[in-house]
Structures are given as structure tokens and as C-alpha cells.
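The file final-v4.txt comes next; it holds compact mmCIF, C-alpha atoms.
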```
# COMPACT_ATOMS: atom_id res chain seq x y z
CA MET A 28 -166.82 -105.98 62.19
CA THR A 29 -169.08 -108.68 63.61
CA GLU A 30 -168.31 -111.39 61.04
CA HIS A 31 -165.04 -113.25 61.06
CA PRO A 32 -162.61 -112.00 58.41
CA ASN A 33 -162.06 -114.18 55.35
CA GLU A 34 -158.76 -115.58 54.02
CA LEU A 35 -158.02 -112.45 52.01
CA ASP A 36 -158.59 -110.16 55.02
CA LEU A 37 -156.20 -112.24 57.10
CA GLU A 38 -153.57 -112.24 54.36
CA LEU A 39 -153.82 -108.46 54.12
CA LEU A 40 -153.59 -108.22 57.90
CA ARG A 41 -150.37 -110.27 57.76
CA THR A 42 -148.71 -107.63 55.58
CA GLY A 43 -150.28 -104.60 57.26
CA GLU A 44 -152.65 -103.84 54.39
CA ALA A 45 -155.92 -104.63 56.21
CA ASP A 46 -158.17 -101.91 57.54
CA ASP A 47 -158.61 -101.05 61.23
CA GLU A 48 -161.92 -102.91 61.50
CA VAL A 49 -160.31 -106.25 60.61
CA ARG A 50 -157.39 -105.57 62.95
CA ALA A 51 -159.72 -104.75 65.84
CA HIS A 52 -161.77 -107.89 65.28
CA VAL A 53 -158.76 -110.19 65.19
CA GLU A 54 -157.31 -108.64 68.34
CA SER A 55 -160.52 -109.48 70.20
CA CYS A 56 -161.21 -112.91 68.63
CA ALA A 57 -159.13 -115.91 69.75
CA SER A 58 -160.11 -118.14 66.81
CA CYS A 59 -159.18 -115.42 64.28
CA ARG A 60 -155.84 -114.92 66.01
CA GLU A 61 -155.20 -118.62 65.46
CA ARG A 62 -156.22 -118.30 61.82
CA LEU A 63 -153.86 -115.34 61.42
CA GLU A 64 -151.01 -117.42 62.81
CA ALA A 65 -151.92 -120.17 60.33
CA ALA A 66 -151.84 -117.60 57.50
CA ARG A 67 -148.39 -116.44 58.62
CA SER A 68 -147.16 -120.02 58.77
CA LEU A 69 -148.56 -120.75 55.29
CA ALA A 70 -146.84 -117.67 53.85
CA THR A 71 -143.53 -118.73 55.39
CA ARG A 72 -143.71 -122.31 54.12
CA LEU A 73 -145.38 -121.66 50.79
CA ALA A 74 -142.82 -120.00 48.58
CA ARG A 75 -139.17 -120.26 47.79
CA PRO A 76 -137.61 -116.81 47.86
CA LEU A 77 -135.62 -115.73 44.81
CA GLU A 78 -132.08 -117.06 44.72
CA LYS A 79 -129.29 -114.52 44.61
CA VAL A 80 -127.61 -114.49 41.21
CA GLU A 81 -124.16 -112.94 40.99
CA VAL A 82 -123.73 -110.48 38.14
CA PRO A 83 -120.19 -110.76 36.72
CA ARG A 84 -118.15 -107.74 37.76
CA ALA A 85 -117.30 -106.65 34.20
CA LEU A 86 -120.95 -106.73 33.15
CA ASP A 87 -122.03 -104.93 36.32
CA GLU A 88 -119.52 -102.14 35.76
CA LYS A 89 -120.54 -101.86 32.12
CA LEU A 90 -124.24 -101.54 33.01
CA ALA A 91 -123.54 -99.03 35.79
CA LYS A 92 -121.51 -96.96 33.31
CA GLN A 93 -124.33 -97.14 30.75
CA ALA A 94 -126.76 -96.02 33.44
CA ARG A 95 -124.62 -92.97 34.22
CA GLU A 96 -124.22 -92.14 30.53
CA GLN A 97 -127.97 -92.19 30.18
CA GLY A 98 -128.05 -89.01 32.29
CA ALA A 99 -126.08 -87.17 29.61
CA VAL A 100 -128.34 -88.58 26.88
CA VAL A 101 -131.43 -87.30 28.68
CA ARG A 102 -129.85 -83.89 29.30
CA ARG A 103 -129.01 -83.60 25.60
CA LYS A 104 -132.56 -84.55 24.58
CA LEU A 105 -134.01 -82.03 27.03
CA HIS A 106 -131.66 -79.34 25.69
CA GLU A 107 -132.79 -80.10 22.13
CA ARG A 108 -136.41 -79.74 23.14
CA ARG A 109 -135.79 -76.43 24.92
CA ARG A 110 -133.80 -74.79 22.06
CA PRO A 111 -135.58 -71.64 20.91
CA VAL A 112 -137.00 -71.60 17.42
CA THR A 113 -134.69 -69.39 15.32
CA LEU A 114 -134.98 -68.16 11.78
CA LYS A 115 -131.87 -70.15 10.94
CA ARG A 116 -133.63 -73.39 11.94
CA VAL A 117 -136.94 -72.51 10.39
CA LEU A 118 -135.94 -70.92 7.08
CA PRO A 119 -134.92 -74.08 5.19
CA TRP A 120 -138.13 -75.81 6.27
CA ALA A 121 -140.24 -72.77 5.41
CA ALA A 122 -138.62 -72.56 1.99
CA ALA A 123 -139.16 -76.26 1.40
CA ALA A 124 -142.80 -75.96 2.49
CA CYS A 125 -143.34 -73.01 0.12
CA LEU A 126 -141.79 -75.00 -2.71
CA VAL A 127 -144.00 -78.02 -2.09
CA LEU A 128 -147.09 -75.82 -1.72
CA GLY A 129 -146.26 -73.92 -4.90
CA LEU A 130 -145.75 -77.09 -6.89
CA GLY A 131 -149.01 -78.48 -5.52
CA VAL A 132 -150.96 -75.37 -6.56
CA LEU A 133 -149.31 -75.35 -9.97
CA LEU A 134 -150.15 -78.99 -10.52
CA ALA A 135 -153.75 -78.47 -9.39
CA VAL A 136 -154.22 -75.44 -11.69
CA ARG A 137 -152.77 -77.30 -14.66
CA THR A 138 -154.95 -80.30 -14.01
CA LEU A 139 -158.04 -78.10 -13.71
CA ARG A 140 -157.18 -76.27 -16.93
CA GLU A 141 -156.54 -79.47 -18.81
CA THR A 142 -159.82 -80.88 -17.52
CA ALA A 143 -161.65 -77.72 -18.63
CA GLY A 144 -159.83 -77.66 -21.98
CA VAL A 145 -158.31 -74.22 -21.34
CA SER A 146 -154.82 -73.62 -22.59
CA ALA A 147 -152.25 -72.00 -20.33
CA PRO A 148 -151.97 -68.20 -20.74
CA GLU A 149 -148.86 -66.59 -22.03
CA PRO A 150 -146.42 -65.83 -19.22
CA VAL A 151 -146.45 -62.21 -18.06
CA PRO A 152 -143.14 -60.60 -18.89
CA SER A 153 -141.10 -58.71 -16.32
CA THR A 154 -142.75 -60.19 -13.25
CA PRO A 155 -140.45 -59.50 -10.29
CA ALA A 156 -141.02 -62.98 -8.90
CA ILE A 157 -140.14 -64.26 -12.33
CA VAL A 158 -137.59 -61.66 -13.13
CA ALA A 159 -135.13 -62.38 -15.88
CA ALA A 160 -132.01 -64.23 -14.92
CA GLY A 161 -129.53 -62.11 -12.97
CA PRO A 162 -127.30 -62.25 -9.93
CA ASN A 163 -130.26 -63.36 -7.73
CA ASP A 164 -130.94 -66.38 -9.93
CA VAL A 165 -128.77 -68.77 -7.93
CA ASN A 166 -129.77 -71.94 -9.78
CA SER A 167 -129.72 -70.25 -13.21
CA ASP A 168 -133.20 -71.40 -14.11
CA GLY A 169 -134.17 -68.02 -15.53
CA LYS A 170 -136.24 -66.87 -12.57
CA VAL A 171 -135.82 -65.68 -9.01
CA ASP A 172 -137.99 -67.58 -6.57
CA VAL A 173 -137.99 -69.31 -3.17
CA VAL A 174 -135.86 -72.11 -4.61
CA ASP A 175 -132.98 -69.65 -4.96
CA ALA A 176 -133.50 -68.52 -1.35
CA TYR A 177 -133.64 -72.14 -0.23
CA LEU A 178 -130.39 -72.94 -2.02
CA VAL A 179 -128.61 -70.03 -0.34
CA ALA A 180 -129.97 -71.07 3.09
CA LEU A 181 -128.87 -74.65 2.46
CA ALA A 182 -125.40 -73.52 1.34
CA VAL A 183 -125.07 -71.43 4.55
CA ASP A 184 -126.05 -74.40 6.72
CA ARG A 185 -123.62 -76.69 4.92
CA GLU A 186 -120.93 -73.99 4.79
CA ARG A 187 -120.64 -74.29 1.03
CA THR A 188 -121.25 -70.69 0.07
CA SER A 189 -119.76 -68.71 -2.77
CA ALA A 190 -119.05 -64.98 -3.07
CA ALA A 191 -121.86 -64.64 -5.63
CA MET A 192 -124.39 -65.50 -2.92
CA ASP A 193 -123.64 -62.31 -1.00
CA ARG A 194 -126.87 -60.65 -2.13
CA ASN A 195 -126.96 -57.79 0.37
CA GLY A 196 -123.33 -56.84 -0.23
CA ASP A 197 -122.27 -56.94 3.41
CA GLY A 198 -119.14 -58.94 2.60
CA ARG A 199 -120.39 -62.25 3.97
CA VAL A 200 -122.88 -64.94 3.01
CA ASP A 201 -125.42 -65.77 5.66
CA HIS A 202 -129.16 -66.17 6.22
CA ALA A 203 -129.66 -62.45 5.68
CA ASP A 204 -128.84 -63.09 2.01
CA ALA A 205 -131.41 -65.89 1.89
CA GLU A 206 -134.01 -63.57 3.44
CA ARG A 207 -133.22 -60.93 0.83
CA LEU A 208 -133.83 -63.46 -1.91
CA VAL A 209 -137.14 -64.46 -0.31
CA LEU A 210 -138.19 -60.79 -0.37
CA ALA A 211 -137.07 -60.47 -3.98
CA ALA A 212 -139.01 -63.59 -4.91
CA VAL A 213 -142.29 -62.40 -3.41
CA ALA A 214 -141.99 -58.69 -4.28
CA LEU A 215 -144.53 -57.27 -6.70
CA GLY A 216 -143.34 -55.62 -9.89
CA PRO A 217 -144.87 -52.66 -11.73
CA ASN A 218 -147.28 -54.84 -13.74
CA GLU A 219 -148.63 -56.68 -10.71
CA GLU A 220 -148.95 -53.49 -8.66
CA GLY A 221 -150.91 -51.95 -11.50
CA ARG A 222 -153.20 -54.93 -11.72
CA LEU A 223 -153.78 -54.98 -7.97
CA ARG A 224 -154.82 -51.34 -8.03
CA MET B 26 -130.26 -86.01 51.23
CA THR B 27 -128.54 -89.06 49.73
CA LEU B 28 -130.09 -90.86 46.79
CA GLU B 29 -130.51 -94.03 48.86
CA ALA B 30 -133.08 -92.20 50.96
CA LEU B 31 -135.24 -91.37 47.94
CA ASP B 32 -138.05 -93.67 46.85
CA ASP B 33 -138.33 -94.99 43.30
CA ARG B 34 -140.66 -92.25 42.15
CA GLU B 35 -138.33 -89.52 43.35
CA LEU B 36 -135.34 -91.25 41.75
CA ALA B 37 -137.22 -91.65 38.47
CA ALA B 38 -138.19 -87.96 38.59
CA ARG B 39 -134.52 -86.99 39.05
CA ALA B 40 -133.45 -89.32 36.26
CA ASP B 41 -136.06 -87.68 34.07
CA GLN B 42 -134.14 -84.43 34.48
CA GLY B 43 -130.90 -86.11 33.38
CA ASP B 44 -129.38 -86.86 36.79
CA SER B 45 -126.69 -89.51 36.13
CA ASP B 46 -126.47 -90.44 39.83
CA ALA B 47 -130.20 -91.19 39.86
CA PHE B 48 -129.86 -93.51 36.85
CA GLU B 49 -127.04 -95.40 38.53
CA ALA B 50 -128.98 -95.58 41.81
CA LEU B 51 -132.00 -97.03 40.00
CA TYR B 52 -129.79 -99.65 38.37
CA ARG B 53 -128.03 -100.64 41.59
CA ARG B 54 -131.26 -100.72 43.60
CA HIS B 55 -133.09 -103.09 41.23
CA ARG B 56 -130.23 -105.03 39.60
CA ASP B 57 -130.28 -108.02 41.97
CA TRP B 58 -134.06 -108.32 41.94
CA VAL B 59 -134.23 -108.18 38.13
CA VAL B 60 -131.51 -110.78 37.55
CA SER B 61 -132.90 -113.12 40.23
CA LEU B 62 -136.40 -112.84 38.81
CA ALA B 63 -135.08 -113.44 35.29
CA TRP B 64 -133.22 -116.52 36.51
CA ARG B 65 -136.38 -117.81 38.22
CA LEU B 66 -138.54 -117.20 35.15
CA SER B 67 -136.07 -118.39 32.51
CA GLY B 68 -134.16 -121.08 34.39
CA ASN B 69 -131.06 -120.10 32.46
CA ARG B 70 -128.23 -117.99 33.84
CA ASP B 71 -127.07 -116.62 30.46
CA ASP B 72 -130.62 -115.65 29.57
CA ALA B 73 -131.01 -114.01 32.97
CA LEU B 74 -127.94 -111.84 32.38
CA ASP B 75 -129.17 -110.92 28.88
CA VAL B 76 -132.57 -110.05 30.29
CA LEU B 77 -130.91 -107.88 32.94
CA GLN B 78 -129.23 -105.79 30.25
CA GLU B 79 -132.30 -105.56 28.05
CA THR B 80 -134.56 -104.65 30.96
CA PHE B 81 -132.52 -101.61 31.94
CA CYS B 82 -132.03 -100.68 28.30
CA HIS B 83 -135.83 -100.73 27.91
CA LEU B 84 -136.31 -98.70 31.08
CA PHE B 85 -133.71 -96.04 30.30
CA GLN B 86 -135.01 -95.50 26.78
CA ARG B 87 -138.29 -94.30 28.31
CA PHE B 88 -136.50 -91.18 29.63
CA PRO B 89 -137.09 -88.26 29.34
CA GLY B 90 -140.85 -88.29 29.72
CA PHE B 91 -141.11 -91.27 32.06
CA THR B 92 -143.34 -91.02 35.13
CA LEU B 93 -143.49 -93.87 37.61
CA THR B 94 -147.07 -94.34 38.79
CA SER B 95 -146.59 -97.40 41.03
CA THR B 96 -143.38 -99.04 42.25
CA MET B 97 -140.42 -99.78 40.02
CA ARG B 98 -140.80 -103.52 40.62
CA ALA B 99 -144.41 -103.41 39.49
CA TYR B 100 -143.25 -101.62 36.34
CA LEU B 101 -140.34 -103.98 35.72
CA TYR B 102 -142.12 -107.30 36.34
CA PRO B 103 -143.97 -107.48 32.98
CA VAL B 104 -140.85 -106.27 31.15
CA VAL B 105 -138.71 -109.03 32.68
CA LYS B 106 -141.42 -111.61 32.09
CA HIS B 107 -141.82 -110.77 28.40
CA LEU B 108 -138.07 -110.65 27.83
CA CYS B 109 -137.75 -114.09 29.46
CA ILE B 110 -140.47 -115.51 27.21
CA SER B 111 -138.72 -113.99 24.21
CA ALA B 112 -135.35 -115.43 25.31
CA ALA B 113 -136.92 -118.88 25.75
CA ARG B 114 -138.40 -118.68 22.23
CA LYS B 115 -135.01 -117.77 20.78
CA ARG B 116 -133.38 -120.61 22.67
CA ARG B 117 -135.93 -123.10 21.33
CA ASN B 118 -135.06 -122.04 17.80
CA VAL B 119 -131.34 -122.62 18.28
CA VAL B 120 -130.04 -125.97 17.05
CA PRO B 121 -126.56 -126.83 18.33
CA LEU B 122 -123.93 -127.04 15.59
CA ASN B 123 -122.59 -130.33 16.88
CA GLY B 124 -125.99 -131.95 17.10
CA ALA B 125 -127.93 -131.14 13.96
CA GLY B 126 -131.45 -132.46 14.25
CA VAL B 127 -131.19 -132.97 18.01
CA GLU B 128 -133.79 -131.16 20.08
CA PRO B 129 -132.12 -128.65 22.41
CA VAL B 130 -132.62 -129.56 26.04
CA ALA B 131 -135.09 -127.26 27.75
CA PRO B 132 -133.59 -125.59 30.82
CA GLU B 133 -134.97 -126.73 34.14
CA THR B 134 -136.97 -123.85 35.52
CA PRO B 135 -136.58 -123.55 39.29
CA SER B 136 -139.89 -123.91 41.12
CA ASP B 137 -141.48 -121.00 42.93
CA TRP B 138 -142.99 -123.27 45.54
CA ALA B 139 -141.92 -125.53 48.36
CA PRO B 140 -142.27 -129.20 47.25
CA GLU B 141 -145.28 -129.84 49.52
CA PHE B 142 -147.27 -127.12 47.71
CA GLU B 143 -146.16 -127.68 44.13
CA LYS B 144 -148.94 -130.10 43.14
CA ARG B 145 -151.65 -128.13 44.87
CA ILE B 146 -150.62 -124.89 43.18
CA ALA B 147 -150.19 -126.56 39.79
CA SER B 148 -153.88 -127.50 39.92
CA LEU B 149 -154.90 -123.83 40.16
CA PRO B 150 -155.66 -121.70 37.07
CA GLU B 151 -152.55 -119.96 35.65
CA GLY B 152 -153.92 -116.52 36.57
CA HIS B 153 -154.27 -117.57 40.21
CA GLN B 154 -150.79 -119.06 40.23
CA GLU B 155 -149.32 -115.82 38.96
CA VAL B 156 -151.07 -113.77 41.64
CA LEU B 157 -149.73 -116.19 44.28
CA ARG B 158 -146.22 -115.88 42.80
CA LEU B 159 -146.29 -112.09 42.92
CA ARG B 160 -147.71 -112.11 46.43
CA PHE B 161 -145.61 -114.76 48.15
CA VAL B 162 -142.44 -115.06 46.06
CA LEU B 163 -141.99 -111.43 45.06
CA GLU B 164 -143.79 -110.09 48.16
CA MET B 165 -145.80 -107.47 46.31
CA ARG B 166 -148.68 -105.51 47.72
CA LEU B 167 -152.09 -105.82 46.08
CA GLU B 168 -151.82 -102.51 44.20
CA GLU B 169 -148.41 -103.50 42.84
CA ILE B 170 -149.78 -106.82 41.61
CA ALA B 171 -152.67 -105.07 39.89
CA GLN B 172 -150.24 -102.72 38.17
CA ALA B 173 -147.76 -105.46 37.25
CA LEU B 174 -150.47 -107.64 35.70
CA ASP B 175 -152.49 -104.72 34.35
CA LEU B 176 -155.59 -106.01 36.11
CA PRO B 177 -158.27 -104.26 38.17
CA LEU B 178 -157.58 -104.38 41.91
CA GLY B 179 -160.85 -106.26 42.45
CA THR B 180 -159.76 -109.05 40.11
CA VAL B 181 -156.47 -109.42 41.98
CA LYS B 182 -158.31 -109.59 45.31
CA SER B 183 -160.71 -112.16 43.97
CA ARG B 184 -157.95 -114.36 42.52
CA LEU B 185 -155.88 -114.20 45.70
CA HIS B 186 -158.90 -114.99 47.84
CA ASN B 187 -159.91 -117.95 45.70
CA ALA B 188 -156.34 -119.27 45.54
CA LEU B 189 -155.92 -119.08 49.32
CA LYS B 190 -159.29 -120.70 49.88
CA SER B 191 -158.40 -123.47 47.50
CA LEU B 192 -155.04 -124.07 49.21
CA GLU B 193 -156.76 -124.13 52.58
CA SER B 194 -159.42 -126.61 51.49
CA GLN B 195 -156.80 -128.86 49.85
CA ALA B 196 -154.79 -128.73 53.08
CA GLY B 197 -157.93 -129.72 55.02
CA GLU B 198 -158.57 -132.66 52.68
CA ALA B 199 -154.95 -133.79 53.02
CA GLU B 200 -155.20 -133.74 56.80
CA SER B 201 -158.51 -135.68 56.95
```

Please rewrite the model in this file as C-alpha cells.
Amino acid sequence: MTEHPNELDLELLRTGEADDEVRAHVESCASCRERLEAARSLATRLARPLEKVEVPRALDEKLAKQAREQGAVVRRKLHERRRPVTLKRVLPWAAAACLVLGLGVLLAVRTLRETAGVSAPEPVPSTPAIVAAGPNDVNSDGKVDVVDAYLVALAVDRERTSAAMDRNGDGRVDHADAERLVLAAVALGPNEEGRLR
Amino acid sequence: MTLEALDDRELAARADQGDSDAFEALYRRHRDWVVSLAWRLSGNRDDALDVLQETFCHLFQRFPGFTLTSTMRAYLYPVVKHLCISAARKRRNVVPLNGAGVEPVAPETPSDWAPEFEKRIASLPEGHQEVLRLRFVLEMRLEEIAQALDLPLGTVKSRLHNALKSLESQAGEAES
């Protein structure tokens, strides 16, 4: 560096942030060494350092305790994130999604039919997904569908099951019964199978 | 290796994995700096203690998922500053019960500067004053200042250079 360093260069040299070129120049230049001393003196006289403020002991202990507790909070959050996705966790959401989707489709079809002036067809009798009321019809609405499966899954999660919900006859009510209802709700009956063929 | 030997980034990384000791070490390492800065910025001891609590509450809520990219002080400076401004606003809106209609007395904010420099620095633009404060009161490096103020490094350099030049020329005028 042939030119003398500017004020910023000298300030950075004071705190060890300047590059080697500036350092080398100042070491070999008497006037710049004087300027560096002036910069050091200015920095010393310029500012008032922060005053020490005592934190009351009770508050300090409380905050230190909160800091430690935060470790447990973070570990719990991390554990939640790492939990594997199980059928038990997913089934109620899947059932709810199916319900919402089904209602949406139904609404759209009705709207389209009304717009086109077409009346709704007669319901097909003995459809397995709309089988007549029976032991699988948990909500007694005259049909077996994902709502019944959802209700069983919900009852299992909330531990409010009844013996009638034991749909697979294994002597207990759990998500296996909900799965069985899902299968019953989506299974094709003789009429549908015939139509598909 | 003890936690005291770890730098802020390493401590933050440990805290991000749920290490309680790392959280406590972060608090103890920066407690005094935060409360002193809050006192300097707010001029009120009660506000400073409130800001201390809120600052660490804000910091800890960022975990897990927090990565420290500069120093902890550079991260905490804008948090403390904004909390102090917010505390001052709240204080202005408080009317004492025993003095309805009386303007609350504004707290006397301690100066950052030695008396001989106060007038000279007050004549500088606010942005320059803040860079000087971070550099000479809080003793931050240029990169830390850039991070704390969310400014490009070049802007920080330029402001510091201009502020120093201005102080130097004012000192020259005063001498002559």
C-alpha cells in the first residue's frame, strides 16, 4: 500500500480487523503510527461503556430455571416431529378427509344436476356401501359408510367404546374394527360387480 | 469440553437439540450484556429487567430450528432495541393514578458518549450515530454491526468512515 490508510482503515487496524497491507504500511510510516495512536485515544475517550446492572437474585434464578426447562420443551417438540406415522394417527384424519371429499362430490353432482334440470335417480337397492341398517351401522343412519368407521376410530381414541363396536369379533374394540368398517363401506356388492363387468 | 469453552454457535446448536445446560449457559453468558444494554437504551431499570425476560423468551421460542449465523449479540441487539422502544411506548401511555392528567415524566436516558463528544455526535445523522454506538459502546466488529442493523457491510463501512471523518474534522475545528 503506497497511499496512507484512511480513518476506517486505522479504526479496523485498532481492533485487528485490517488487512496485512494496511498493517505493513503503518509499521513503516511514522505519521500513520501517530494517527493510529490518535485513533486509539479517540476510541478510549469517546464512549461510555455499559454500566453493570444487577439482576435481582430471585429473577435471575427464575430465568435460569426457565432456560433449563426450555431444553425439555425442545426435546419434546423434536420427539413429536420424529414420531412415526401410524395408522392410529392417520385413520381419523383419513376418514374425515374422505367424508369432506364425499360431501363435496355429492354437492357438486347435485348442483350440476339441478343446473341441467335432471332429477336425481332412484337409489340402487342393496348397495354394500349403502347396505341396509345392521350391526355395522354405528350411527344408525340406515347405511354403512366411512362415517361409521370414523366414529369407531374416534371412540377408540377417546376410550369411549361399546361392545357393539367389536366388528371383527376378537373380543376388543380397537382400530382393527374401524378398518373393517372402512372395508365394508367401500366393498362392492353383487349389483356393482355386475355393472363393472 | 465444558460449555464455557464453546462459542455461541456451538451452544445454540446444542440448545437446538434440547440440551438444558446449553440453554442455561446461553442465558448466563448474555444476561449481563442484555440487561445493561436495555438499561442504556430505555433509561429505566424496571423496563430493563422486563426486557431481559422478554428477550430470552423471544430467543428460546425460536428453538428448535434456530441457527445462529453471526454472533449472539448481533442477533440480540435488534431484539433488545425493539423491546425497549415498545416498553417506552407503553410507559408513555401510562397515566399515574394519583396524578390524572399529569404527563408522566420521561426517564432520563443515560448517554452513550463522554460529555466532550455528545454535541458533536448529536449533529451526525441517526444512522451514523447508531453505527458509532455499536462500534465503540458495544465494541462490535463490522460484520456484527451489519448483521445487527440488517445492513450491507459496505453501508456500515461507509457510515463508520464518514462518522469518524466528521468527528476528526470537528475536533480539528475545535482546536483551531

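Put simply, atom CA of A:Val117 is 11.5 Å away from atom CA of A:Leu181.
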
**Message:** Taking all atoms listed in the file into account, find every residue of chain B that has an atom no more than 8 Å from chain A, and write it out as a ChimeraX atom specification.
**Reply:** /B:40-46,48-49,52-53,57,60-62,64-65,74,78,85,88-89,136-139,142,158,161-163,166,182,185-186,189-190

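Near A:His202, within a cut-off of 9 Å and counting only C-alpha atoms, sit the residues A:Leu114, A:Lys115, A:Leu118, A:Val179, A:Ala180, A:Val183, A:Asp184, A:Arg207, with same-chain residues fewer than 5 positions away left out.
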
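Atom CA of B:Ser191 sits 9.0 Å away from atom CA of B:Ile146.
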
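You will find atom CA of B:Pro135 at 6.0 Å from atom CA of B:Gly68.
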
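Using all atoms listed in the file, the smallest distance between any of A:Arg50, A:Arg41, A:Leu210, A:Arg194 and A:Ser68 comes from A:Arg41.
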
**Item:** 8 Å contact set for B:Gln172, all atoms listed in the file, chain neighbours under 5 positions out, as a ChimeraX atom specification
**Value:** /B:95,99-100

**Request:** Just the residues within 8 Å of A:Val200, please, counting all atoms listed in the file, with nothing from its chain fewer than 4 positions along; format it as a PyMOL selection string.
**Result:** chain A and resi 183+188-190+192-194+204

**Message:** Could you check the closest approach to A:Asp47 for each of A:Pro32, A:Ala121, A:Arg199, A:Pro111 and tell me which residue wins, using all atoms listed in the file?
**Reply:** A:Pro32

**Prompt:** Of the residues B:Arg34, B:Arg87, B:His55, B:Lys115, which is the one nearest to B:Asp72, using all atoms listed in the file?
**Reply:** B:Lys115

**Selection: 8 Å around B:Leu174, all atoms listed in the file, excl. self and same-chain fewer than 3 positions, as a PyMOL selection string** = chain B and resi 103+170-171

Have stretch 84-95 of chain A completed to N, CA and C atoms, please, and pass it along as a compact mmCIF listing (two decimals), in the frame of the given file.
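Output contents, as saved in selection16.txt:
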```txt
# COMPACT_ATOMS: atom_id res chain seq x y z
N ARG A 84 -118.60 -109.10 37.45
CA ARG A 84 -118.15 -107.74 37.76
C ARG A 84 -118.06 -106.86 36.50
N ALA A 85 -117.49 -107.44 35.42
CA ALA A 85 -117.30 -106.65 34.20
C ALA A 85 -118.65 -106.19 33.65
N LEU A 86 -119.62 -107.09 33.65
CA LEU A 86 -120.95 -106.73 33.15
C LEU A 86 -121.60 -105.67 34.07
N ASP A 87 -121.44 -105.87 35.37
CA ASP A 87 -122.03 -104.93 36.32
C ASP A 87 -121.46 -103.52 36.12
N GLU A 88 -120.15 -103.45 35.96
CA GLU A 88 -119.52 -102.14 35.76
C GLU A 88 -119.97 -101.51 34.44
N LYS A 89 -120.10 -102.38 33.42
CA LYS A 89 -120.54 -101.86 32.12
C LYS A 89 -121.95 -101.28 32.22
N LEU A 90 -122.85 -102.01 32.90
CA LEU A 90 -124.24 -101.54 33.01
C LEU A 90 -124.35 -100.28 33.88
N ALA A 91 -123.53 -100.24 34.95
CA ALA A 91 -123.54 -99.03 35.79
C ALA A 91 -123.05 -97.82 34.99
N LYS A 92 -122.04 -98.06 34.14
CA LYS A 92 -121.51 -96.96 33.31
C LYS A 92 -122.58 -96.51 32.31
N GLN A 93 -123.25 -97.49 31.70
CA GLN A 93 -124.33 -97.14 30.75
C GLN A 93 -125.42 -96.33 31.44
N ALA A 94 -125.72 -96.73 32.69
CA ALA A 94 -126.76 -96.02 33.44
C ALA A 94 -126.33 -94.56 33.64
N ARG A 95 -125.10 -94.34 34.01
CA ARG A 95 -124.62 -92.97 34.22
C ARG A 95 -124.66 -92.18 32.91
```
